[in-house]
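Peer 1: Have a look at this one before I ask anything.
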Amino acid sequence: MTVNWAAFAAAEPEFARTVEARFGAYTHHVLATLRKDGSPRTTGLEATFKNGELWLGMMADSMKALDLRRDPRFSLMANPGEGTGMGGGDVRISGRAIEVEDPEVKASYGQDPEKEEPPKREEAEQPEPFHLFRAELTEVVRTYVEDEKYLVLQIWKPGGPVRVIKRT
């Protein structure tokens, strides 16, 4: 079972805000995909939460895009930041990446919803041409330390509530 970002945010609004804040703290994150031979590939990526979706944009024919076309399973880890503080915890989203081919959707990806006109070419975040994928979520996990005593895991999967596991 998979759901989009809007469905996750509706089911678990506080958890979704925490996850978005962790991703929003830094621009670059780490995407894990599967190579042709099944081994993992990790690469940098900028992720965008917009219009109820988690979007993954990448350069045309990049290895990560080719990986996702072949096998859409992915895991996206938020940049932990500098040092070891991990302010807000360690956050990971897993799911399936669905490629978007619709030119209108791709064109709107680089637009700021606050502005009426599309961005100028030098303002656009995506290169041309580019691949755009929307994420269907299968799991969202946050790991953090509580009271300098517990390692806490928050685990959400579609169709269920957030599970919390505390370890000492």
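How things are named: the first chain in the structure tokens is A, the next is B, and so on; residues count from 1 in each chain; ligands count from 1 in the order shown.
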Quick one: contact table of stretch 39-73 of chain A to stretch 135-146 of chain A, 12 Å max, nearest atom pair and distance in Å to one decimal per residue, counting only C-alpha atoms, chain and number order, as a Markdown table?
Peer 2:
```
| residue | atom | partner | partner_atom | distance |
| --- | --- | --- | --- | --- |
| A:Ala47 | CA | A:Ala135 | CA | 10.1 |
| A:Thr48 | CA | A:Ala135 | CA | 10.4 |
| A:Phe49 | CA | A:Ala135 | CA | 10.0 |
| A:Lys50 | CA | A:Ala135 | CA | 11.4 |
| A:Gly52 | CA | A:Ala135 | CA | 10.4 |
| A:Glu53 | CA | A:Ala135 | CA | 6.9 |
| A:Leu54 | CA | A:Ala135 | CA | 5.4 |
| A:Trp55 | CA | A:Ala135 | CA | 6.3 |
| A:Leu56 | CA | A:Ala135 | CA | 7.4 |
| A:Gly57 | CA | A:Ala135 | CA | 10.8 |
| A:Leu68 | CA | A:Ala135 | CA | 11.0 |
| A:Pro72 | CA | A:Ala135 | CA | 9.3 |
| A:Arg73 | CA | A:Thr138 | CA | 9.4 |
```
Peer 1: May I have the residues from that selection written out with N, CA and C atoms, as a PDB file, in the first residue's frame?
Peer 2:
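Listed below is the output, again-v4.pdb:
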```
ATOM      1  N   ALA A  47      14.881  17.690  -2.610  1.00  0.00           N
ATOM      2  CA  ALA A  47      13.487  17.230  -2.583  1.00  0.00           C
ATOM      3  C   ALA A  47      12.581  18.421  -2.331  1.00  0.00           C
ATOM      4  N   THR A  48      11.367  18.370  -2.889  1.00  0.00           N
ATOM      5  CA  THR A  48      10.425  19.469  -2.763  1.00  0.00           C
ATOM      6  C   THR A  48       9.064  18.953  -2.326  1.00  0.00           C
ATOM      7  N   PHE A  49       8.484  19.595  -1.325  1.00  0.00           N
ATOM      8  CA  PHE A  49       7.116  19.308  -0.901  1.00  0.00           C
ATOM      9  C   PHE A  49       6.247  20.419  -1.482  1.00  0.00           C
ATOM     10  N   LYS A  50       5.318  20.037  -2.374  1.00  0.00           N
ATOM     11  CA  LYS A  50       4.528  21.052  -3.062  1.00  0.00           C
ATOM     12  C   LYS A  50       3.226  20.424  -3.555  1.00  0.00           C
ATOM     13  N   GLY A  52       0.770  18.971  -2.156  1.00  0.00           N
ATOM     14  CA  GLY A  52       0.396  17.686  -1.595  1.00  0.00           C
ATOM     15  C   GLY A  52       1.237  16.508  -2.045  1.00  0.00           C
ATOM     16  N   GLU A  53       2.364  16.798  -2.682  1.00  0.00           N
ATOM     17  CA  GLU A  53       3.238  15.736  -3.177  1.00  0.00           C
ATOM     18  C   GLU A  53       4.668  15.965  -2.702  1.00  0.00           C
ATOM     19  N   LEU A  54       5.414  14.892  -2.617  1.00  0.00           N
ATOM     20  CA  LEU A  54       6.865  14.944  -2.446  1.00  0.00           C
ATOM     21  C   LEU A  54       7.440  14.717  -3.832  1.00  0.00           C
ATOM     22  N   TRP A  55       8.200  15.714  -4.336  1.00  0.00           N
ATOM     23  CA  TRP A  55       8.746  15.677  -5.689  1.00  0.00           C
ATOM     24  C   TRP A  55      10.246  15.421  -5.650  1.00  0.00           C
ATOM     25  N   LEU A  56      10.712  14.611  -6.571  1.00  0.00           N
ATOM     26  CA  LEU A  56      12.131  14.320  -6.738  1.00  0.00           C
ATOM     27  C   LEU A  56      12.501  14.714  -8.165  1.00  0.00           C
ATOM     28  N   GLY A  57      13.250  15.798  -8.306  1.00  0.00           N
ATOM     29  CA  GLY A  57      13.667  16.254  -9.621  1.00  0.00           C
ATOM     30  C   GLY A  57      15.138  15.946  -9.823  1.00  0.00           C
ATOM     31  N   LEU A  68      15.619   4.662 -10.967  1.00  0.00           N
ATOM     32  CA  LEU A  68      14.206   4.748 -10.598  1.00  0.00           C
ATOM     33  C   LEU A  68      13.284   4.324 -11.738  1.00  0.00           C
ATOM     34  N   PRO A  72      11.422   1.459  -9.154  1.00  0.00           N
ATOM     35  CA  PRO A  72      11.008   2.714  -8.525  1.00  0.00           C
ATOM     36  C   PRO A  72      11.211   2.807  -7.014  1.00  0.00           C
ATOM     37  N   ARG A  73      11.686   1.754  -6.377  1.00  0.00           N
ATOM     38  CA  ARG A  73      11.860   1.808  -4.923  1.00  0.00           C
ATOM     39  C   ARG A  73      13.006   2.753  -4.558  1.00  0.00           C
TER      40      ARG A  73
END
```
Peer 1: Fewer than 3 positions away in the same chain doesn't count, so skip those; otherwise give me all residues within 12 Å of stretch 153-166 of chain A, counting only C-alpha atoms, as a ChimeraX atom specification.
Peer 2: /A:1-16,18-19,89-95,136-147,149-150
Peer 1: Once DSSP has gone over the backbone, tell me which residues of chain A are in alpha helix (DSSP H), as a PyMOL selection string.
Peer 2: chain A and resi 5-11+13-24+63-70+103-109
Peer 1: Within 12 Å of A:Asn79, counting only C-alpha atoms, which residues show up once you throw out same-chain ones fewer than 3 positions away? Write them as JSON, numbers by chain, please.
Peer 2: {"A": [19, 20, 21, 22, 23, 24, 25, 26, 27, 28, 29, 30, 31, 43, 44, 45, 46, 47, 76, 82, 83, 84, 85, 86, 87, 88, 89, 90, 91, 92]}
Peer 1: Okay, now the selection with N, CA and C atoms, as a short mmCIF file (atom, residue, chain, number, x, y, z; two decimals), in the first residue's frame?
Peer 2:
```cif
data_model
loop_
_atom_site.label_atom_id
_atom_site.label_comp_id
_atom_site.auth_asym_id
_atom_site.auth_seq_id
_atom_site.Cartn_x
_atom_site.Cartn_y
_atom_site.Cartn_z
N VAL A 19 8.70 16.16 9.83
CA VAL A 19 9.49 15.63 8.71
C VAL A 19 9.79 16.74 7.70
N GLU A 20 8.79 17.52 7.35
CA GLU A 20 9.01 18.63 6.40
C GLU A 20 10.02 19.63 6.94
N ALA A 21 9.95 19.90 8.23
CA ALA A 21 10.90 20.85 8.84
C ALA A 21 12.32 20.31 8.75
N ARG A 22 12.50 19.01 8.97
CA ARG A 22 13.85 18.42 8.87
C ARG A 22 14.37 18.53 7.45
N PHE A 23 13.53 18.25 6.47
CA PHE A 23 13.96 18.37 5.08
C PHE A 23 14.15 19.83 4.69
N GLY A 24 13.35 20.72 5.26
CA GLY A 24 13.45 22.14 4.95
C GLY A 24 14.67 22.82 5.55
N ALA A 25 15.30 22.20 6.53
CA ALA A 25 16.46 22.80 7.20
C ALA A 25 17.68 22.87 6.29
N TYR A 26 17.76 21.99 5.30
CA TYR A 26 18.89 21.95 4.37
C TYR A 26 18.37 21.69 2.97
N THR A 27 19.15 22.07 1.98
CA THR A 27 18.74 21.90 0.59
C THR A 27 19.03 20.50 0.07
N HIS A 28 20.19 19.97 0.36
CA HIS A 28 20.63 18.69 -0.21
C HIS A 28 20.43 17.54 0.76
N HIS A 29 19.93 16.42 0.21
CA HIS A 29 19.64 15.23 1.01
C HIS A 29 20.24 14.02 0.29
N VAL A 30 20.05 12.83 0.84
CA VAL A 30 20.65 11.62 0.26
C VAL A 30 19.56 10.68 -0.21
N LEU A 31 19.61 10.35 -1.49
CA LEU A 31 18.66 9.43 -2.11
C LEU A 31 19.34 8.08 -2.31
N THR A 43 23.05 9.00 -3.70
CA THR A 43 23.41 10.24 -4.39
C THR A 43 22.71 11.41 -3.73
N GLY A 44 23.24 12.59 -3.98
CA GLY A 44 22.61 13.80 -3.46
C GLY A 44 21.37 14.16 -4.26
N LEU A 45 20.44 14.85 -3.59
CA LEU A 45 19.19 15.22 -4.24
C LEU A 45 18.54 16.36 -3.49
N GLU A 46 17.87 17.23 -4.23
CA GLU A 46 17.01 18.25 -3.62
C GLU A 46 15.58 17.75 -3.73
N ALA A 47 14.88 17.69 -2.61
CA ALA A 47 13.49 17.23 -2.58
C ALA A 47 12.58 18.42 -2.33
N LEU A 76 14.85 8.10 0.98
CA LEU A 76 15.37 9.46 0.99
C LEU A 76 15.64 9.87 2.43
N GLU A 82 25.16 19.78 10.35
CA GLU A 82 26.55 19.80 10.82
C GLU A 82 26.67 19.16 12.19
N GLY A 83 27.82 18.58 12.45
CA GLY A 83 28.09 18.00 13.76
C GLY A 83 27.23 16.78 14.04
N THR A 84 26.99 16.54 15.30
CA THR A 84 26.24 15.36 15.70
C THR A 84 24.92 15.69 16.37
N GLY A 85 24.51 16.94 16.34
CA GLY A 85 23.29 17.36 17.03
C GLY A 85 22.00 16.82 16.43
N MET A 86 21.97 16.66 15.13
CA MET A 86 20.78 16.18 14.42
C MET A 86 19.51 16.85 14.90
N GLY A 87 19.54 18.18 15.02
CA GLY A 87 18.38 18.92 15.51
C GLY A 87 17.08 18.46 14.89
N GLY A 88 16.20 17.89 15.67
CA GLY A 88 14.92 17.39 15.16
C GLY A 88 14.94 15.91 14.82
N GLY A 89 16.10 15.30 14.90
CA GLY A 89 16.19 13.86 14.64
C GLY A 89 16.60 13.53 13.22
N ASP A 90 16.75 12.25 13.01
CA ASP A 90 17.14 11.67 11.73
C ASP A 90 15.85 11.23 11.05
N VAL A 91 15.62 11.68 9.81
CA VAL A 91 14.35 11.40 9.14
C VAL A 91 14.60 10.72 7.80
N ARG A 92 13.78 9.69 7.53
CA ARG A 92 13.89 8.93 6.27
C ARG A 92 12.50 8.66 5.73
#
```
Peer 1: Between atom CA of A:Ala78 and atom CA of A:Ala97, what is the spacing in Å?
Peer 2: 16.7 Å
Peer 1: Looking at only C-alpha atoms, which of A:Thr33, A:Met58, A:Thr168, A:Pro80 is the one that sits closest to A:Arg96?
Peer 2: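 The answer is A:Thr33, which sits nearest to A:Arg96.
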